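Reviewing the structure listed below.
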Amino acid sequence: MANKLQGSGHQCLPGTVWALGCVSLCMDISSEIIHSLLPVFLVSVLGAGVQTVGLIEGVAESTAMVVRVFSGALSDRLGKRKLLAVCGYGLGALSKPLFALAAGVGMVFSARFIDRIGKGICGAPRDALVADVTPPEQRGAAYGLRQSLDSVGAFAGPLLAMLLMGMSGGSFRLIFWLAFLPGLLAVLILLLGVREPRSAPEHRSWLLNRQQLQALGGDYWRVLLVGTLFTMARFSEAFLLLRGTDLGLSVTLVSMVMVVMNSAYMLSAYPLGTLGDRIGLRGLLTAGMLVLVGADLCLALAGHLWLVLLGALLWGLHLGMTQGLLATLVAQASPPSLRGTAFGVFGLATGIGLLFASLLAGRLWQSLTPAAAFYGSALLALVALAGFTACGAGRRVSV
């Protein structure tokens, strides 16, 4: 077994995992070009308030998570995960021109809403497909690889946005138009490069019912509780960008915050996923939450740009230590015939947590101080860590 684990590197992972990672890379370039500039565009061009930014981000992200429930269950019902992934990524790509056309906050809200519906449609089927094609002993590496390639896109997107802002003289709308191109490439890679294993459709209700939820099992529900607690401690990364501008970072350079965050995420997700396959996940998840506390304290206490960048780096490291590992836990704890449903329900619960966190951060930022939002996140991270410890004490959680 030890030799098998040592050989579970990137060369042994299925080609479909690599293709899905490249799809995530291209779509994240498309999305992050826009998202790294969108908070500043909303505040400086369209005149929106910070709490409005928090509302848009929270509703958009939670919408994606809610849609995941239905797309995940539908992928189990149809046995067609790739079809739903194509629909979701296609919708995400088509939403990009709407940002360039937006003349007010309402149009941005609509574009963000459509974009996240697309993400919601593709998310659970894609994550379930990774587990479908990957041996159990390699799933930490597989999810880590997909997350790493995803974060390469999340790294490259803000960097491109920063370069394009300088080259275009700060033309937000031109850059939003250009963001459509990598989104289109993502859909083409998905169509041509992803191979789905044959599976018979499940003959069950189109809607979730009590029997299906019970069939997910106790281990799954404990994993869901852990994931929800972790997400409630982490709000939208839009607030990291606003923290940079709050301390005087120029519009042209504000994307550097996301570049730093995503570089840490990119470099850590795959090796830590592989490490989780070998040593178990509990210690890494615990350390990840402590790293988030450190990130929040850096961002709360920041009086200079270097502390903002350090906080962004730690934030990205936290993501690399937790997100792929939580996906691995969901795959391990759920029955194969309900894997899409499991990822969908998990997405719904964590989406609600993210909405709560983003709305709370916006309220604290606007009513008190920017630092209060990050102190609140640090406190919630400690509460989540205590809940994680309690959940593991006396209960069997497969970590």
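The chains in the structure tokens are called A, B, ... from first to last as shown; in each chain the residues are counted from 1, and the ligands are counted from 1 in the order shown.
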message: Show me, as number ranges by chain, the residues that have an atom within 7 Å of range 123-140 of chain A when counting only C-alpha atoms, minus same-chain residues fewer than 5 positions from it.
response: A: 8, 14, 17, 68, 71-72, 75, 81, 84-85, 273-274, 276-277, 324-325, 328, 331, 339-340, 343-344
Closest contacts (range 141-235 of chain A/range 255-259 of chain A, max 6 Å, only C-alpha atoms) as JSON lines:
{"residue": "A:Phe155", "atom": "CA", "partner": "A:Val259", "partner_atom": "CA", "distance": 4.8}
{"residue": "A:Pro158", "atom": "CA", "partner": "A:Ser255", "partner_atom": "CA", "distance": 5.0}
{"residue": "A:Leu159", "atom": "CA", "partner": "A:Val259", "partner_atom": "CA", "distance": 6.0}
{"residue": "A:Met162", "atom": "CA", "partner": "A:Ser255", "partner_atom": "CA", "distance": 5.7}
- request: Using CA of Leu164 in chain A and CA of Ala179 in chain A as the two end points, give the distance in Å to one decimal.
  value: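 Between CA of Leu164 in chain A and CA of Ala179 in chain A the gap works out to 10.7 Å.
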